[in-house]
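Peer 1: Sharing a structure with you now.
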Amino acid sequence: MDLNILCTAKPCDGLLYYSYEYCDYLNSIGVKTQLVIIPHPGFNQKDYFESITSKYISYQNVNFDPDRWSSTTLIMGRSMMTLGYLNRHKYNMEQLLLLHLLLRDNIIAVYSENHPIEYKHALEYFCPNDVIDICDYDVYPNGSGEHFEKRINFNIYRPILNDIQFKYLFNGTNKKYYDAIQKVIKNYKSHGILVYDIAAINIMNNNIIIPIDNLLGIFETYVYTKPTFDPAPRIIQECKYFNKNIEYVRDKNILDGGSVYFKRDVLNIDINPILKVIK
């Protein structure tokens, strides 16, 4: 293999989707690439298969137990290494060995700052030979490496079907997100809230457990309420591409991926920063 892309995120996490899209794109231009998924604890291979096949027209070059790999591994966010470190006691021995093998040599890491202390611990634990950053400086002005913007490969998306089930969509996939929604939800009677499970949510709301087939076809307006730093809210770009409305209901003083992606045009993938690092 010329390149591995490692994903340790949950199914339906944006980093899984970016990882698959860049894997597909790299292969399409002749860079032999495999996406290696170490399932997040609590999820299995079927969850990832369903997540990918519900969104894309293809499912290829995905591997959970590769028998060979490149000495260079791309991670679409530093958290892909950090999560591997934080969950190390929850993996089986084969998964843990695979992580060490994938992260021992040369790493291309998309710069992020969401786990600064834990990331340092992860580097000490996996002890890679070399780590080269690529960075979206609009989101992380104090980052390092070649400028790189995560972009969506819409060419492999399944067509969306217009099947409106409610007017407004919210993202409530963690407690902080969900708590922020609770403050405004009374103003949005026709709504759906994305959640991973129904254990700790308000049953009076219309909660929708992901993954969801045809997600982009079942609502009219996405309401962006995330109260914390957001590195790359891809759903904003998806809404722009598919002509969905967006309501930006959050503190306008937060400068992060949310504010950047809300203003950024939808652009084609630019793979040159990755190719430059590989060479």
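Residue names in the structure tokens use chain letters A, B, ... in the order shown, residue numbers from 1 in each chain, and ligand numbers from 1 in the order shown.
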So which bits of stretch 3-86 of chain A end up alpha helix (DSSP H) when you DSSP the backbone, as a PyMOL selection string?

Peer 2: chain A and resi 14-28+45-53+79-86

Peer 1: Within 12 Å of A:Glu238, counting only C-alpha atoms, which residues qualify if same-chain residues fewer than 2 places away don't, as a CSV table (one decimal) with C-alpha atoms, in the first residue's frame?

Peer 2:
chain,number,residue,atom,x,y,z
A,14,GLY,CA,-17.5,13.4,10.3
A,55,LYS,CA,-24.2,7.7,2.3
A,151,ARG,CA,-13.4,19.2,1.7
A,152,ILE,CA,-16.3,16.8,0.8
A,153,ASN,CA,-16.2,14.4,-2.1
A,154,PHE,CA,-19.7,14.9,-3.3
A,157,TYR,CA,-22.7,10.7,-2.6
A,160,ILE,CA,-30.9,12.5,-1.8
A,215,LEU,CA,-30.6,12.2,6.2
A,216,LEU,CA,-30.2,15.3,3.9
A,217,GLY,CA,-33.6,14.6,2.3
A,221,THR,CA,-33.5,23.8,7.6
A,222,TYR,CA,-30.4,22.9,9.6
A,232,ALA,CA,-15.2,21.0,10.8
A,233,PRO,CA,-19.0,21.0,10.7
A,234,ARG,CA,-19.4,19.3,7.4
A,235,ILE,CA,-23.2,19.3,7.5
A,236,ILE,CA,-23.0,23.1,6.8
A,240,LYS,CA,-25.0,24.5,1.0
A,241,TYR,CA,-24.4,21.9,-1.7
A,242,PHE,CA,-27.9,20.5,-1.5
A,243,ASN,CA,-29.5,24.0,-1.2
A,244,LYS,CA,-30.8,23.5,2.4
A,245,ASN,CA,-31.4,26.4,4.6
A,246,ILE,CA,-29.1,27.1,7.6
A,261,TYR,CA,-17.4,26.7,7.1
A,262,PHE,CA,-20.5,28.9,7.3
A,264,ARG,CA,-16.7,29.1,3.0
A,265,ASP,CA,-17.8,28.2,-0.5
A,266,VAL,CA,-18.2,24.5,-1.5
A,267,LEU,CA,-15.0,23.6,-3.3

Peer 1: Need to verify the contact set: A:Ala122, 7 Å, only C-alpha atoms, exclusion of same-chain residues closer than 6 positions in sequence. Can you return it as a list in words?

Peer 2: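 After dropping sequence-adjacent residues, the list is Met81, Thr82 and Tyr85 of chain A.
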
Peer 1: Can you tell me which residues surround stretch 165-179 of chain A at a distance of at most 6 Å, considering only C-alpha atoms, apart from same-chain residues fewer than 6 positions away, and format the answer as a ChimeraX atom specification?

Peer 2: /A:190-196,218-223,226

Peer 1: Could you check the closest approach to A:Ile29 for each of A:Met93, A:Ile271, A:Arg250, A:Leu3 and tell me which residue wins, using only C-alpha atoms?

Peer 2: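 Ranked by minimum distance to A:Ile29, first place goes to A:Ile271.
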
Peer 1: From a DSSP pass on the backbone, collect the residues of stretch 37-110 of chain A flagged as strand (DSSP E) and hand them back as a list in words.

Peer 2: Ile37, Val62, Asn63, Thr72, Thr73, Leu74, Ile75, Asn106, Ile107, Ile108, Ala109 and Val110 of chain A

Peer 1: For the selection just defined, write its residues with C-alpha atoms to a file, as an mmCIF file, in the first residue's frame.

Peer 2:
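The result, written out as part23.cif:
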data_model
loop_
_atom_site.group_PDB
_atom_site.id
_atom_site.type_symbol
_atom_site.label_atom_id
_atom_site.label_comp_id
_atom_site.auth_asym_id
_atom_site.auth_seq_id
_atom_site.Cartn_x
_atom_site.Cartn_y
_atom_site.Cartn_z
ATOM 1 C CA ILE A 37 -10.991 1.283 10.763
ATOM 2 C CA VAL A 62 -12.078 -0.412 3.638
ATOM 3 C CA ASN A 63 -10.219 -2.805 5.924
ATOM 4 C CA THR A 72 2.837 6.104 5.994
ATOM 5 C CA THR A 73 -0.494 6.688 7.715
ATOM 6 C CA LEU A 74 -2.769 9.686 7.247
ATOM 7 C CA ILE A 75 -5.099 10.688 10.081
ATOM 8 C CA ASN A 106 5.444 8.069 9.363
ATOM 9 C CA ILE A 107 2.270 9.988 10.221
ATOM 10 C CA ILE A 108 0.555 12.734 8.252
ATOM 11 C CA ALA A 109 -1.767 14.422 10.739
ATOM 12 C CA VAL A 110 -4.471 16.974 10.013
#

Peer 1: From the set A:Tyr48, A:Phe126, A:Tyr56, A:Tyr224, which residue has the shortest atom-to-atom contact distance to A:Arg88, counting only C-alpha atoms?

Peer 2: A:Phe126

Peer 1: For a quick check of understanding, using only C-alpha atoms, which of A:Ile57, A:Val184, A:Asp130, A:Pro11 has the smallest distance to A:Pro159?

Peer 2: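 Smallest separation from A:Pro159 among the options: A:Ile57.
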
Peer 1: Would you list the contacts of A:Glu50 as a list in words, taking every protein, DNA or RNA residue within 12 Å and counting only C-alpha atoms, but skipping same-chain residues closer than 5 positions in sequence?

Peer 2: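 Skipping anything fewer than 5 positions along the chain leaves Pro11, Cys12, Phe43, Asn44, Gln45, Lys55, Tyr56, Ile57, Ser58, Tyr59, Ile210, Pro211, Ile212 and Asp213 of chain A.
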
Peer 1: Selected residues, N, CA and C atoms, written as a PDB file, in the first residue's frame, please.

Peer 2:
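Result file follows (selection_37.pdb):
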ATOM      1  N   PRO A  11     -18.972   5.448  14.077  1.00  0.00           N
ATOM      2  CA  PRO A  11     -19.667   5.522  12.788  1.00  0.00           C
ATOM      3  C   PRO A  11     -20.546   6.768  12.768  1.00  0.00           C
ATOM      4  N   CYS A  12     -20.648   7.395  11.624  1.00  0.00           N
ATOM      5  CA  CYS A  12     -21.405   8.652  11.439  1.00  0.00           C
ATOM      6  C   CYS A  12     -20.655   9.875  11.930  1.00  0.00           C
ATOM      7  N   PHE A  43     -19.166  -0.274  19.131  1.00  0.00           N
ATOM      8  CA  PHE A  43     -19.624  -0.382  17.744  1.00  0.00           C
ATOM      9  C   PHE A  43     -18.897  -1.536  17.056  1.00  0.00           C
ATOM     10  N   ASN A  44     -19.452  -1.994  15.939  1.00  0.00           N
ATOM     11  CA  ASN A  44     -18.853  -3.129  15.239  1.00  0.00           C
ATOM     12  C   ASN A  44     -18.736  -2.830  13.749  1.00  0.00           C
ATOM     13  N   GLN A  45     -18.188  -3.778  13.018  1.00  0.00           N
ATOM     14  CA  GLN A  45     -17.947  -3.580  11.595  1.00  0.00           C
ATOM     15  C   GLN A  45     -19.236  -3.289  10.834  1.00  0.00           C
ATOM     16  N   LYS A  55     -24.530   6.394   2.751  1.00  0.00           N
ATOM     17  CA  LYS A  55     -24.164   7.748   2.305  1.00  0.00           C
ATOM     18  C   LYS A  55     -23.544   7.769   0.914  1.00  0.00           C
ATOM     19  N   TYR A  56     -22.841   6.688   0.541  1.00  0.00           N
ATOM     20  CA  TYR A  56     -22.058   6.701  -0.689  1.00  0.00           C
ATOM     21  C   TYR A  56     -22.494   5.608  -1.663  1.00  0.00           C
ATOM     22  N   ILE A  57     -22.158   5.824  -2.921  1.00  0.00           N
ATOM     23  CA  ILE A  57     -22.515   4.863  -3.963  1.00  0.00           C
ATOM     24  C   ILE A  57     -21.541   3.700  -4.013  1.00  0.00           C
ATOM     25  N   SER A  58     -20.446   3.774  -3.259  1.00  0.00           N
ATOM     26  CA  SER A  58     -19.438   2.711  -3.288  1.00  0.00           C
ATOM     27  C   SER A  58     -19.023   2.338  -1.873  1.00  0.00           C
ATOM     28  N   TYR A  59     -18.452   1.132  -1.761  1.00  0.00           N
ATOM     29  CA  TYR A  59     -17.834   0.693  -0.508  1.00  0.00           C
ATOM     30  C   TYR A  59     -16.628  -0.139  -0.909  1.00  0.00           C
ATOM     31  N   ILE A 210     -29.039   7.947  14.968  1.00  0.00           N
ATOM     32  CA  ILE A 210     -28.239   7.767  13.767  1.00  0.00           C
ATOM     33  C   ILE A 210     -27.513   6.408  13.808  1.00  0.00           C
ATOM     34  N   PRO A 211     -27.181   5.829  12.635  1.00  0.00           N
ATOM     35  CA  PRO A 211     -27.243   6.406  11.285  1.00  0.00           C
ATOM     36  C   PRO A 211     -28.660   6.451  10.713  1.00  0.00           C
ATOM     37  N   ILE A 212     -28.856   7.370   9.780  1.00  0.00           N
ATOM     38  CA  ILE A 212     -30.164   7.593   9.167  1.00  0.00           C
ATOM     39  C   ILE A 212     -29.999   7.597   7.656  1.00  0.00           C
ATOM     40  N   ASP A 213     -30.739   6.763   6.981  1.00  0.00           N
ATOM     41  CA  ASP A 213     -30.729   6.772   5.521  1.00  0.00           C
ATOM     42  C   ASP A 213     -31.340   8.078   5.012  1.00  0.00           C
TER      43      ASP A 213
END

Peer 1: Tell me which of A:Ala180, A:Ile134, A:Ile274, A:Leu123 sits closest to A:Asp105, counting only C-alpha atoms.

Peer 2: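 Residue with the minimum atom-to-atom distance to A:Asp105: A:Leu123.
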
Peer 1: Which residue out of A:His40, A:Asn205, A:Val249, A:Lys120 has the minimum interatomic distance to A:His89 when only C-alpha atoms are used?

Peer 2: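 Of all the options, A:His40 lies closest to A:His89.
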
Peer 1: Restricting the calculation to only C-alpha atoms: of A:Glu113, A:Glu94, A:Leu103, A:Glu146, which residue gets closest to A:Cys127?

Peer 2: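 Closest to A:Cys127, using only C-alpha atoms: A:Leu103.
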
Peer 1: Residues within 10 Å of A:Asn272, please, as an mmCIF file with C-alpha atoms, in the first residue's frame. Count only C-alpha atoms; anything in the same chain fewer than 5 positions from it doesn't count.

Peer 2:
data_model
loop_
_atom_site.group_PDB
_atom_site.id
_atom_site.type_symbol
_atom_site.label_atom_id
_atom_site.label_comp_id
_atom_site.auth_asym_id
_atom_site.auth_seq_id
_atom_site.Cartn_x
_atom_site.Cartn_y
_atom_site.Cartn_z
ATOM 1 C CA GLU A 146 1.115 22.922 4.790
ATOM 2 C CA HIS A 147 -2.246 24.656 4.441
ATOM 3 C CA PHE A 148 -4.963 22.047 3.955
ATOM 4 C CA VAL A 277 4.031 15.496 2.127
ATOM 5 C CA ILE A 278 4.022 11.944 0.723
#
